[in-house]
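Contents: one structure, followed by commentary.
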Amino acid sequence: MKGIQKYIVLFAMVAVTTVGFSTAQADSLRYGEYGRPSTLDPITSNDMIALRISELIFNGLVGINERQVIVPELAKKWEISKDGRSYKFFLRKNVKWHPKPGKEAQPFTADDVVFTFNIMMHKKTITPLKVRYEFIERITKIDSHTVEFHLKRPVLNALAKFTFKIIPKHGPDNSVYLTRDDSFVKQPIGTGPFRIADTNAGQELVMEANENYFKRAPRIKKFTAKPFADQNIMNQALLFNDIDMIVLVNPRNILELQGDKRFVLQPYNALSYSFFGYNLRNPLLTDSRVRQAFTYAINRKEMLKSFFNGQGTQISGPFAPGSWAYNLDVKPLPYSPEKAKELLMAAGFTMADDGIMVKDGKRLSLTLNVPIAKESEAIKRVVLAFKNYLKKVGAEVNVQFQEWQAWKDDVFSTHNFDIVYASWVFDDSADISSLFHSAEIGQWKNNFGAYSNAEVDALIAESKLTLDHEKRRTINRRLHSMLADEAPYTFLWTLTNYAAYKKDLRRVKIHPYKFFSYADRWYK
Amino acid sequence: MNNKLAYRSVILVLCTASSFALAADARKGALLFKQNHYNEAASELSQALPTAGDKVSMVNLTLGMNYQHSARLHAALHRQAIAVQSEYLQTLFKAKGKQRSKYAELYYGEALIEKGEYKQAKKHLAKISKSKSVVARDKSIANINIALADYLLNRKSSAKKKWAAIKSKDPIVLSELAAAYSRVGYKSKTAKQLITSALQSKPESSRVLSNAIHVFADLGQIEAGLKLVSSHSLDGSVAEERLGENKEIKYYDVSVLSAVSKLYNKAAMTYLGLAGEHVKFAPVADYYQAEASYMQGELKKTSEFLDRYIAAGKPAFMQKAKQLKRLVAYRLGDRQLFAKPEPDSKPGVVAELLFACARVKADCKKTAETAETMLEKLQGSVSRTLNYAVGEYYLRHEQAEKAVYFLEEARDKSQKNNIKANDPVMLVSIAEAYAVNKIYSESLEIYFEMSKEFPVVRQIQDATQGIYSTVQKSAGDVKIF
């Protein structure tokens with residue numbers, strides 16, 4: 001019997017390999033992604049998939065190496081004025097943009113840097129980046145390969161902020177401001193180690209090595225991003241040799257991959273967390289007691305254990321536990337449906353006959369928007385559990401799965417939602433200003449729930465102004481405590497991040513946030 | 001040193017067959033010990049002792065082993081706390097500006113004493129002692145520690161004079177004096193009186209608690225010490241400094257970790273000694289007492305226990321016992337012992353050799369190379385142990401990047417930070433290797449989980465966060481996922 005089973009499995013493997021999957025090539029790398037972003041440029045995009053791709057295509061003026069040291073990229077050197085308000089960058093002269101189809105490659109110059117900054121900060125440009133660069137007063141072109149940034153005030157880690165990606169002046173159709181309708185955002189060109197070769201190969205995004213890359217031509221010649229809607233299929237694709245790498249392994253597959261000698265499981269600590277975010281434009285959700293009640297109503301510990309094999313950590317506030325900003329004094333609220341009901345009653349709700357709470361004639365009935373990119377088995381269970389937990393305390397939740405772009409439109413553009421399930425990923429700076437500052441309420445801005453609190457605004461402003469690391473830490477601890485109390489989100493957990501790749505892929509170093517920062521040195 | 005495989009057989013006995021006769025709390029305690037939940041295990045096993053009847057030796061043995069493992073963990077945490085606290089405190093007192101810390105140098109001086117750098121410690125403590133802006137209590141604490149450094153530098157009369165000059169009635173200051181006395185074995189009676197009185201006046205002060213644990217451990221008042229440790233989380237700061245409305249710094253006592261480690265080690269000796277009275281458990285008790293004696297620096301005693309264990313001919317800890325003998329010989333001056341493994345050595349033997357090399361930072365390059373070659377063909381738990389040994393070796397030989405690679409291979413990734421699945425001492429090494437590589441978030445994640453069982457790691461978390469916030473360089477980006 002065992003022998004027959006073995007043959008069946010073998011046959012299935014061969015069938016899957018020959019019918020569904022192709023075989024990876026020696027100098028190419030195919031990696032599994034969680035979807036296909038609608039924009040690929042570094043200015044309008046706001047998701048992790050696009051961030052990883054733009055890391056392969058673009059460069060900043062400076063970069064940050066594995067040892068947290070700022071290193072030259074498009075700028076070969078820089079000078080900082082004594083008062084910390086002027087940053088002069090001397091640009092490389094041997095850099096060329098990827099060629100546009102059918103055209104010659106153009107040289108990179110100071111004009112591109114000035115153009116990038118100006119288009120990024122233009123009021124009509126759709127980007128979440130503006131808040132990060134409000135400290136820059138203006139940019140001046142000194143000569144064809146020198147630019148100078150003038151700051152409104154000195155800021156902490158200012159040099160690191162010049163890692164933003166530079167785009168070409170001759171790139172976008174509209175040279176004044178950038179929107180999601182510009183053809184550049186779908187097929188951008190950069191200066192990076194890879195250039196986009198084919199955006200129409202089914203759902204895959206194919207990139208080719210930039211043989212003229214100013215550092216040195218990458219050893220991987222073809223880089224393909226292959227989207228998967230289902231995490232289990234992505235895992236199977238790795239096991240059956242269809243892809244070489246998974247950027248984020250489903251926690252349920254870790255055990256299986258760990259036992260397979262063909263693969264390397266590499267941890268990387270992306271500072272991320274998952275949450276249920278509330279739309280405070282809905283009068284039912286404006287009272288913080290209601291939001292707190294929802295947090296008490298759900299058993300996060302149990303959900304983490306049951307749906308993610310305990311591969312993660314429950315959190316209490318707006319920072320990841322691996323961050324320097326996490327307030328260790330604030331503990332996650334315990335699971336307490338009784339306390340949840342108490343809070344809802346205190347907020348003026350009464351239980352109706354159908355088991356749903358009512359206030360001022362309005363039923364506590366809400367819509368939960370979940371992107372399809374998140375439609376893994378585990379996420380389905382999470383949202384279903386959320387719905388059931390809330391029902392027990394008298395809140396009705398209607399789950400609505402949406403295609404990724406439609407979800408983003410509803411959440412970031414039209415704000416047509418009551419509750420969302422999502423995750424944020426942060427770089428090391430743990431900057432939550434774009435998430436919770438009231439100035440960041442608006443179309444395509446990150447404060448999609450319209451949370452507004454003057455004290456939080458003041459603390460965020462102070463943390464941006466200070467040059468004192470310890471003061472900034474204290475402020476962040478306070479923000480953590482306040483936001484845990486105010487509950488604009490139900491903060492859930494940080495999941496364990498592992499990349500998995502084949503053993504023949506060498507010299508793999510992974511940036512915990514941008515992922516592909518060092519991919520130009522990888523080889524097979 | 002990875003004891004997991006070796007003690008598994010002993011634990012198996014406690015948890016299964018012969019333990020059916022044991023009370024439920026003893027079985028639960030043994031299981032918790034197996035799962036590395038040392039604090040909970042100690043509590044369950046202690047409760048089981050009075051009713052253990054004829055199984056009392058078995059419970060004593062488990063309790064002793066549990067305390068020894070816990071001592072080993074706290075010693076590892078102590079080493080890591082010294083490293084991160086020193087780095088963090090330096091950034092604080094080297095900062096410029098009006099809101100510069102006045103007190104960081106006091107705690108830096110204390111950390112240097114823990115590190116054994118007494119002369120340097122005195123320099124920093126002297127600045128606190130002379131400062132006009134520091135309050136009397138902290139000046140007195142600085143002076144007590146200057147004297148302690150003097151004593152440890154063998155300037156005993158100078159130290160005694162300085163201690164005699166302390167006239168404070170502040171219970172916190174007097175607890176510090178008591179701990180200093182007990183640590184060097186001076187005026188033990190006075191130390192006991194001072195700490196008893198300080199505990200009555202300030203029972204919740206973190207500094208008094210830390211000092212009391214030192215005194216109880218040094219004076220052999222083990223039960224009193226254990227009672228104190230089990231009833232406090234020991235995660236509190238000893239002082240907080242407010243600098244303006246939105247700047248607050250917390251300071252911790254690094255020595256609390258060495259105090260706890262010392263106390264647990266002595267507790268281990270006590271319970272293992274009792275277990276050793278039973279002929280069946282004597283060999284294991286001997287081996288563990290050798291480990292405890294080695295940790296206390298008592299090499300002669302270590303050898304005696306090891307000789308007895310080896311003579312008994314029990315295989316469970318034989319390799320470990322032989323390596324421990326090598327360590328004793330090495331510390332007594334025999335530098336030839338770690339040259340290379342014997343031909344055809346088994347992976348387990350090579351691993352133990354590397355663990356031993358790592359402990360004394362002996363140069364065992366050839367052994368490490370042999371291990372790496374072996375690892376290419378190995379799988380399973382032996383592979384994990386050898387990976388751990390190679391990683392540990394590189395970590396202690398300042399090759400942290402290499403260390404991360406091997407330690408990660410040793411880690412059970414399906415339960416990444418879970419102490420049930422991963423030896424907590426190994427997790428501390430992984431955290432240390434990441435911190436040295438400036439990947440602080442990985443280190444913080446480990447301690448975040450560990451803090452649930454061992455809240456005393458809070459000072460490591462706080463200092464690591466402080467370093468990370470200063471060192472990190474990034475643009476302030478955030479993306480939806």
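Order determines the names: the first chain of the structure tokens is A, the second B, and so forth; residues in each chain are numbered 1 upward, and ligands are numbered 1 upward as they are shown.
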task = Find the residues near segment 130-133 of chain B: any atom within 9 Å, counting only C-alpha atoms, skip ones fewer than 5 places away on the same chain, and give them as a ChimeraX atom specification.
result = /B:102,125,139
ask   = So which residues touch Val457 of chain B within 7 Å, counting only C-alpha atoms, skipping near sequence neighbours fewer than 3 positions away, as a list of chain:residue names?
value =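 Listing them by chain and then by number gives B:Asp235, B:Tyr447, B:Ser451, B:Phe454, B:Ile460, B:Gln461.
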Include N, CA, C and O atoms and write out the residues we just selected as a PDB file, in the first residue's frame.
ATOM      1  N   ASP B 235      11.523  43.449  37.404  1.00  0.00           N
ATOM      2  CA  ASP B 235      11.659  44.183  36.145  1.00  0.00           C
ATOM      3  C   ASP B 235      11.654  45.698  36.351  1.00  0.00           C
ATOM      4  O   ASP B 235      11.712  46.457  35.385  1.00  0.00           O
ATOM      5  N   TYR B 447      13.516  38.963  23.299  1.00  0.00           N
ATOM      6  CA  TYR B 447      13.304  39.346  24.704  1.00  0.00           C
ATOM      7  C   TYR B 447      11.839  39.663  25.003  1.00  0.00           C
ATOM      8  O   TYR B 447      11.390  39.504  26.138  1.00  0.00           O
ATOM      9  N   SER B 451      10.297  37.846  28.097  1.00  0.00           N
ATOM     10  CA  SER B 451       9.868  38.643  29.258  1.00  0.00           C
ATOM     11  C   SER B 451       8.608  38.076  29.901  1.00  0.00           C
ATOM     12  O   SER B 451       8.315  38.351  31.061  1.00  0.00           O
ATOM     13  N   PHE B 454      10.364  35.511  32.066  1.00  0.00           N
ATOM     14  CA  PHE B 454      11.464  36.092  32.852  1.00  0.00           C
ATOM     15  C   PHE B 454      11.414  37.625  32.749  1.00  0.00           C
ATOM     16  O   PHE B 454      12.156  38.235  31.965  1.00  0.00           O
ATOM     17  N   ILE B 460      17.313  44.696  29.748  1.00  0.00           N
ATOM     18  CA  ILE B 460      17.969  44.454  28.451  1.00  0.00           C
ATOM     19  C   ILE B 460      17.110  45.050  27.338  1.00  0.00           C
ATOM     20  O   ILE B 460      17.610  45.689  26.406  1.00  0.00           O
ATOM     21  N   GLN B 461      15.798  44.850  27.454  1.00  0.00           N
ATOM     22  CA  GLN B 461      14.884  45.399  26.455  1.00  0.00           C
ATOM     23  C   GLN B 461      14.996  46.926  26.392  1.00  0.00           C
ATOM     24  O   GLN B 461      15.100  47.505  25.311  1.00  0.00           O
TER      25      GLN B 461
END
Would you please give, as a PDB file with N, CA, C and O atoms, in the first residue's frame, all residues of segment 430-490 of chain A that DSSP assigns to helix (DSSP H, G or I) based on the backbone?
ATOM      1  N   SER A 433       3.366  59.019  12.246  1.00  0.00           N
ATOM      2  CA  SER A 433       2.699  60.303  12.053  1.00  0.00           C
ATOM      3  C   SER A 433       1.670  60.256  10.919  1.00  0.00           C
ATOM      4  O   SER A 433       0.594  60.838  11.038  1.00  0.00           O
ATOM      5  N   SER A 434       1.990  59.578   9.823  1.00  0.00           N
ATOM      6  CA  SER A 434       1.048  59.576   8.698  1.00  0.00           C
ATOM      7  C   SER A 434      -0.204  58.746   9.006  1.00  0.00           C
ATOM      8  O   SER A 434      -1.212  58.871   8.330  1.00  0.00           O
ATOM      9  N   LEU A 435      -0.135  57.917  10.038  1.00  0.00           N
ATOM     10  CA  LEU A 435      -1.277  57.057  10.379  1.00  0.00           C
ATOM     11  C   LEU A 435      -2.280  57.754  11.286  1.00  0.00           C
ATOM     12  O   LEU A 435      -3.479  57.517  11.198  1.00  0.00           O
ATOM     13  N   PHE A 436      -1.759  58.624  12.173  1.00  0.00           N
ATOM     14  CA  PHE A 436      -2.653  59.138  13.222  1.00  0.00           C
ATOM     15  C   PHE A 436      -2.698  60.662  13.347  1.00  0.00           C
ATOM     16  O   PHE A 436      -3.438  61.181  14.174  1.00  0.00           O
ATOM     17  N   SER A 438      -3.890  64.312  12.399  1.00  0.00           N
ATOM     18  CA  SER A 438      -5.128  64.754  11.743  1.00  0.00           C
ATOM     19  C   SER A 438      -4.846  65.420  10.393  1.00  0.00           C
ATOM     20  O   SER A 438      -5.739  65.462   9.530  1.00  0.00           O
ATOM     21  N   ALA A 439      -3.638  65.926  10.187  1.00  0.00           N
ATOM     22  CA  ALA A 439      -3.319  66.532   8.889  1.00  0.00           C
ATOM     23  C   ALA A 439      -3.228  65.479   7.793  1.00  0.00           C
ATOM     24  O   ALA A 439      -3.180  65.808   6.613  1.00  0.00           O
ATOM     25  N   GLU A 440      -3.195  64.229   8.201  1.00  0.00           N
ATOM     26  CA  GLU A 440      -3.074  63.135   7.229  1.00  0.00           C
ATOM     27  C   GLU A 440      -4.414  62.476   6.914  1.00  0.00           C
ATOM     28  O   GLU A 440      -4.476  61.350   6.440  1.00  0.00           O
ATOM     29  N   ALA A 454      -6.076  66.246  19.304  1.00  0.00           N
ATOM     30  CA  ALA A 454      -5.142  67.386  19.358  1.00  0.00           C
ATOM     31  C   ALA A 454      -3.882  67.038  20.145  1.00  0.00           C
ATOM     32  O   ALA A 454      -2.771  67.455  19.781  1.00  0.00           O
ATOM     33  N   GLU A 455      -4.050  66.257  21.208  1.00  0.00           N
ATOM     34  CA  GLU A 455      -2.885  65.919  22.033  1.00  0.00           C
ATOM     35  C   GLU A 455      -1.923  64.998  21.269  1.00  0.00           C
ATOM     36  O   GLU A 455      -0.699  65.151  21.328  1.00  0.00           O
ATOM     37  N   VAL A 456      -2.509  64.060  20.538  1.00  0.00           N
ATOM     38  CA  VAL A 456      -1.684  63.162  19.707  1.00  0.00           C
ATOM     39  C   VAL A 456      -0.964  63.970  18.627  1.00  0.00           C
ATOM     40  O   VAL A 456       0.240  63.798  18.391  1.00  0.00           O
ATOM     41  N   ASP A 457      -1.696  64.896  18.012  1.00  0.00           N
ATOM     42  CA  ASP A 457      -1.079  65.762  16.990  1.00  0.00           C
ATOM     43  C   ASP A 457       0.115  66.511  17.577  1.00  0.00           C
ATOM     44  O   ASP A 457       1.187  66.591  16.960  1.00  0.00           O
ATOM     45  N   ALA A 458      -0.079  67.050  18.767  1.00  0.00           N
ATOM     46  CA  ALA A 458       0.991  67.860  19.399  1.00  0.00           C
ATOM     47  C   ALA A 458       2.207  66.985  19.703  1.00  0.00           C
ATOM     48  O   ALA A 458       3.357  67.398  19.485  1.00  0.00           O
ATOM     49  N   LEU A 459       1.955  65.783  20.197  1.00  0.00           N
ATOM     50  CA  LEU A 459       3.085  64.884  20.513  1.00  0.00           C
ATOM     51  C   LEU A 459       3.833  64.474  19.250  1.00  0.00           C
ATOM     52  O   LEU A 459       5.065  64.430  19.227  1.00  0.00           O
ATOM     53  N   ILE A 460       3.077  64.182  18.189  1.00  0.00           N
ATOM     54  CA  ILE A 460       3.722  63.805  16.924  1.00  0.00           C
ATOM     55  C   ILE A 460       4.579  64.973  16.425  1.00  0.00           C
ATOM     56  O   ILE A 460       5.731  64.775  16.005  1.00  0.00           O
ATOM     57  N   ALA A 461       4.022  66.174  16.499  1.00  0.00           N
ATOM     58  CA  ALA A 461       4.780  67.354  16.044  1.00  0.00           C
ATOM     59  C   ALA A 461       6.057  67.508  16.866  1.00  0.00           C
ATOM     60  O   ALA A 461       7.141  67.776  16.323  1.00  0.00           O
ATOM     61  N   GLU A 462       5.942  67.317  18.178  1.00  0.00           N
ATOM     62  CA  GLU A 462       7.110  67.480  19.045  1.00  0.00           C
ATOM     63  C   GLU A 462       8.165  66.412  18.740  1.00  0.00           C
ATOM     64  O   GLU A 462       9.369  66.689  18.740  1.00  0.00           O
ATOM     65  N   SER A 463       7.715  65.208  18.462  1.00  0.00           N
ATOM     66  CA  SER A 463       8.685  64.142  18.179  1.00  0.00           C
ATOM     67  C   SER A 463       9.441  64.419  16.881  1.00  0.00           C
ATOM     68  O   SER A 463      10.580  64.025  16.711  1.00  0.00           O
ATOM     69  N   LYS A 464       8.797  65.131  15.979  1.00  0.00           N
ATOM     70  CA  LYS A 464       9.464  65.455  14.717  1.00  0.00           C
ATOM     71  C   LYS A 464      10.447  66.606  14.892  1.00  0.00           C
ATOM     72  O   LYS A 464      11.439  66.705  14.162  1.00  0.00           O
ATOM     73  N   LEU A 465      10.146  67.473  15.830  1.00  0.00           N
ATOM     74  CA  LEU A 465      11.004  68.649  16.025  1.00  0.00           C
ATOM     75  C   LEU A 465      12.250  68.348  16.854  1.00  0.00           C
ATOM     76  O   LEU A 465      13.287  68.975  16.679  1.00  0.00           O
ATOM     77  N   HIS A 469      17.190  61.861  21.043  1.00  0.00           N
ATOM     78  CA  HIS A 469      16.672  60.502  20.857  1.00  0.00           C
ATOM     79  C   HIS A 469      15.822  60.041  22.044  1.00  0.00           C
ATOM     80  O   HIS A 469      14.793  59.405  21.873  1.00  0.00           O
ATOM     81  N   GLU A 470      16.286  60.335  23.258  1.00  0.00           N
ATOM     82  CA  GLU A 470      15.561  59.879  24.453  1.00  0.00           C
ATOM     83  C   GLU A 470      14.221  60.577  24.587  1.00  0.00           C
ATOM     84  O   GLU A 470      13.234  59.980  25.020  1.00  0.00           O
ATOM     85  N   LYS A 471      14.202  61.837  24.186  1.00  0.00           N
ATOM     86  CA  LYS A 471      12.934  62.575  24.242  1.00  0.00           C
ATOM     87  C   LYS A 471      11.947  61.949  23.242  1.00  0.00           C
ATOM     88  O   LYS A 471      10.778  61.755  23.560  1.00  0.00           O
ATOM     89  N   ARG A 472      12.451  61.644  22.078  1.00  0.00           N
ATOM     90  CA  ARG A 472      11.595  61.036  21.061  1.00  0.00           C
ATOM     91  C   ARG A 472      11.064  59.681  21.558  1.00  0.00           C
ATOM     92  O   ARG A 472       9.915  59.322  21.327  1.00  0.00           O
ATOM     93  N   ARG A 473      11.928  58.938  22.251  1.00  0.00           N
ATOM     94  CA  ARG A 473      11.484  57.648  22.807  1.00  0.00           C
ATOM     95  C   ARG A 473      10.356  57.853  23.805  1.00  0.00           C
ATOM     96  O   ARG A 473       9.353  57.143  23.795  1.00  0.00           O
ATOM     97  N   THR A 474      10.552  58.828  24.705  1.00  0.00           N
ATOM     98  CA  THR A 474       9.530  59.093  25.726  1.00  0.00           C
ATOM     99  C   THR A 474       8.209  59.477  25.065  1.00  0.00           C
ATOM    100  O   THR A 474       7.141  58.997  25.461  1.00  0.00           O
ATOM    101  N   ILE A 475       8.297  60.320  24.033  1.00  0.00           N
ATOM    102  CA  ILE A 475       7.079  60.763  23.348  1.00  0.00           C
ATOM    103  C   ILE A 475       6.381  59.568  22.703  1.00  0.00           C
ATOM    104  O   ILE A 475       5.155  59.413  22.796  1.00  0.00           O
ATOM    105  N   ASN A 476       7.160  58.717  22.079  1.00  0.00           N
ATOM    106  CA  ASN A 476       6.548  57.538  21.433  1.00  0.00           C
ATOM    107  C   ASN A 476       5.906  56.593  22.443  1.00  0.00           C
ATOM    108  O   ASN A 476       4.871  55.991  22.165  1.00  0.00           O
ATOM    109  N   ARG A 477       6.527  56.488  23.599  1.00  0.00           N
ATOM    110  CA  ARG A 477       5.920  55.638  24.647  1.00  0.00           C
ATOM    111  C   ARG A 477       4.561  56.215  25.043  1.00  0.00           C
ATOM    112  O   ARG A 477       3.589  55.498  25.260  1.00  0.00           O
ATOM    113  N   ARG A 478       4.529  57.557  25.131  1.00  0.00           N
ATOM    114  CA  ARG A 478       3.272  58.216  25.501  1.00  0.00           C
ATOM    115  C   ARG A 478       2.218  58.023  24.400  1.00  0.00           C
ATOM    116  O   ARG A 478       1.045  57.773  24.679  1.00  0.00           O
ATOM    117  N   LEU A 479       2.671  58.162  23.152  1.00  0.00           N
ATOM    118  CA  LEU A 479       1.746  57.972  22.026  1.00  0.00           C
ATOM    119  C   LEU A 479       1.183  56.543  22.032  1.00  0.00           C
ATOM    120  O   LEU A 479      -0.007  56.338  21.796  1.00  0.00           O
ATOM    121  N   HIS A 480       2.056  55.603  22.307  1.00  0.00           N
ATOM    122  CA  HIS A 480       1.625  54.202  22.372  1.00  0.00           C
ATOM    123  C   HIS A 480       0.504  54.044  23.402  1.00  0.00           C
ATOM    124  O   HIS A 480      -0.552  53.465  23.135  1.00  0.00           O
ATOM    125  N   SER A 481       0.744  54.603  24.565  1.00  0.00           N
ATOM    126  CA  SER A 481      -0.212  54.484  25.653  1.00  0.00           C
ATOM    127  C   SER A 481      -1.546  55.149  25.292  1.00  0.00           C
ATOM    128  O   SER A 481      -2.626  54.580  25.507  1.00  0.00           O
ATOM    129  N   MET A 482      -1.469  56.345  24.708  1.00  0.00           N
ATOM    130  CA  MET A 482      -2.698  57.077  24.354  1.00  0.00           C
ATOM    131  C   MET A 482      -3.488  56.352  23.272  1.00  0.00           C
ATOM    132  O   MET A 482      -4.715  56.248  23.339  1.00  0.00           O
ATOM    133  N   LEU A 483      -2.769  55.866  22.260  1.00  0.00           N
ATOM    134  CA  LEU A 483      -3.464  55.219  21.143  1.00  0.00           C
ATOM    135  C   LEU A 483      -4.024  53.855  21.542  1.00  0.00           C
ATOM    136  O   LEU A 483      -5.063  53.430  21.021  1.00  0.00           O
ATOM    137  N   ALA A 484      -3.363  53.207  22.485  1.00  0.00           N
ATOM    138  CA  ALA A 484      -3.908  51.942  22.999  1.00  0.00           C
ATOM    139  C   ALA A 484      -5.239  52.229  23.694  1.00  0.00           C
ATOM    140  O   ALA A 484      -6.199  51.468  23.586  1.00  0.00           O
ATOM    141  N   ASP A 485      -5.284  53.336  24.393  1.00  0.00           N
ATOM    142  CA  ASP A 485      -6.479  53.728  25.123  1.00  0.00           C
ATOM    143  C   ASP A 485      -7.590  54.214  24.184  1.00  0.00           C
ATOM    144  O   ASP A 485      -8.757  53.883  24.357  1.00  0.00           O
ATOM    145  N   GLU A 486      -7.211  54.996  23.201  1.00  0.00           N
ATOM    146  CA  GLU A 486      -8.184  55.583  22.277  1.00  0.00           C
ATOM    147  C   GLU A 486      -8.699  54.566  21.251  1.00  0.00           C
ATOM    148  O   GLU A 486      -9.769  54.757  20.678  1.00  0.00           O
TER     149      GLU A 486
END
request  = Pull out every residue of chain B that has at least one atom within 9 Å of chain A, counting only C-alpha atoms, and report them as a PyMOL selection string.
outcome  = chain B and resi 92+99+243+246-249+379-380+408-409+412-417+437-446+448-449+458+461-462+464-481
message = Show me, as a list in words, the residues that have an atom within 12 Å of Gln399 of chain B when counting only C-alpha atoms, minus same-chain residues fewer than 3 positions from it.
response =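 Listed by chain and then number, they are Ala358, Val390, Gly391, Glu392, Tyr393, Tyr394, Leu395, Arg396, Lys402, Ala403, Val404, Tyr405, Phe406, Glu432, Ala433, Tyr434, Val436 and Asn437 of chain B.
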query = Looking only at the backbone, which of the residues in segment 136-358 of chain A does DSSP tag as strand (DSSP E), as number ranges by chain?
reply = A: 136-143, 146-151, 194-198, 205-209, 222-227, 245-246, 263-267, 271-278, 312-314, 350-351, 357-358
request  = Please identify all polymer residues within 10 Å of Arg308 of chain B, counting only C-alpha atoms, omitting same-chain residues fewer than 6 positions from it, and present them as a ChimeraX atom specification.
outcome  = /B:282-283,286-287,290
How would the residues just picked look written out with N, CA, C and O atoms as a PDB file, in the first residue's frame?
ATOM      1  N   ALA B 282      22.708  10.009  42.963  1.00  0.00           N
ATOM      2  CA  ALA B 282      23.997  10.635  43.289  1.00  0.00           C
ATOM      3  C   ALA B 282      24.820  11.026  42.052  1.00  0.00           C
ATOM      4  O   ALA B 282      25.344  12.152  41.995  1.00  0.00           O
ATOM      5  N   PRO B 283      24.934  10.153  41.029  1.00  0.00           N
ATOM      6  CA  PRO B 283      25.779  10.558  39.888  1.00  0.00           C
ATOM      7  C   PRO B 283      25.287  11.824  39.179  1.00  0.00           C
ATOM      8  O   PRO B 283      26.081  12.720  38.916  1.00  0.00           O
ATOM      9  N   ASP B 286      25.923  14.733  41.243  1.00  0.00           N
ATOM     10  CA  ASP B 286      27.350  15.069  41.215  1.00  0.00           C
ATOM     11  C   ASP B 286      27.686  15.904  39.979  1.00  0.00           C
ATOM     12  O   ASP B 286      28.386  16.910  40.065  1.00  0.00           O
ATOM     13  N   TYR B 287      27.181  15.458  38.837  1.00  0.00           N
ATOM     14  CA  TYR B 287      27.502  16.201  37.613  1.00  0.00           C
ATOM     15  C   TYR B 287      26.978  17.638  37.721  1.00  0.00           C
ATOM     16  O   TYR B 287      27.682  18.608  37.427  1.00  0.00           O
ATOM     17  N   ALA B 290      28.920  19.748  39.949  1.00  0.00           N
ATOM     18  CA  ALA B 290      30.171  20.155  39.304  1.00  0.00           C
ATOM     19  C   ALA B 290      29.935  21.405  38.468  1.00  0.00           C
ATOM     20  O   ALA B 290      30.710  22.364  38.524  1.00  0.00           O
TER      21      ALA B 290
END
request  = Can you pull out every residue within 7 Å of His98 of chain A, counting only C-alpha atoms, but drop anything in the same chain fewer than 2 positions away, and send it as a list in words?
outcome  = Lys96, Lys100, Ala105, Ile189, Gly190, Thr191 and Arg195 of chain A
Restrict the selected residues to N, CA and C atoms and save them as a compact mmCIF listing (two decimals), in the first residue's frame.
# COMPACT_ATOMS: atom_id res chain seq x y z
N LYS A 96 23.19 56.13 -16.08
CA LYS A 96 22.18 56.34 -17.14
C LYS A 96 20.84 55.72 -16.72
N LYS A 100 13.92 54.05 -22.46
CA LYS A 100 12.49 53.87 -22.76
C LYS A 100 12.40 53.00 -24.01
N ALA A 105 19.24 55.42 -23.95
CA ALA A 105 19.26 55.68 -22.50
C ALA A 105 19.74 57.11 -22.25
N ILE A 189 10.77 53.70 -15.46
CA ILE A 189 12.19 53.43 -15.69
C ILE A 189 12.98 54.04 -14.54
N GLY A 190 14.08 53.41 -14.19
CA GLY A 190 14.91 53.90 -13.08
C GLY A 190 16.37 53.78 -13.42
N THR A 191 17.18 53.82 -12.38
CA THR A 191 18.64 53.68 -12.57
C THR A 191 19.13 52.37 -11.96
N ARG A 195 15.64 46.40 -14.85
CA ARG A 195 14.68 47.25 -15.56
C ARG A 195 13.48 46.39 -15.97
ask   = Near Val206 of chain A, counting only C-alpha atoms, which residues have an atom at most 7 Å away, once you skip same-chain residues fewer than 2 positions from it, shown as a list of chain:residue names?
value =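 Here the answer would be A:Ile196, A:Ala197, A:Asp198, A:Thr199, A:Glu204, A:Glu208, A:Phe223, A:Thr224, A:Ala225.
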request  = Can you pull out every residue within 10 Å of Val383 of chain A, counting only C-alpha atoms, but drop anything in the same chain fewer than 5 positions away, and send it as a VMD selection string?
outcome  = chain A and resid 276 368 to 370 375 378 388 to 389 397 to 400 420 to 421
message = As an exercise, work out the distance from atom CA of Gly394 of chain A to atom CA of Tyr335 of chain A in Å and give it to one decimal place.
response =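 Distance reported for this atom pair: 15.6 Å.
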Point-to-point distance from atom CA of Lys28 of chain B to atom CA of Glu44 of chain B, Å rounded to tenths = 6.8 Å
request  = Just give me the gap between atom CA of Leu327 of chain B and atom CA of Arg359 of chain B in Å, one decimal is fine.
outcome  =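 Result for atom CA of Leu327 of chain B versus atom CA of Arg359 of chain B: 8.3 Å, one decimal.
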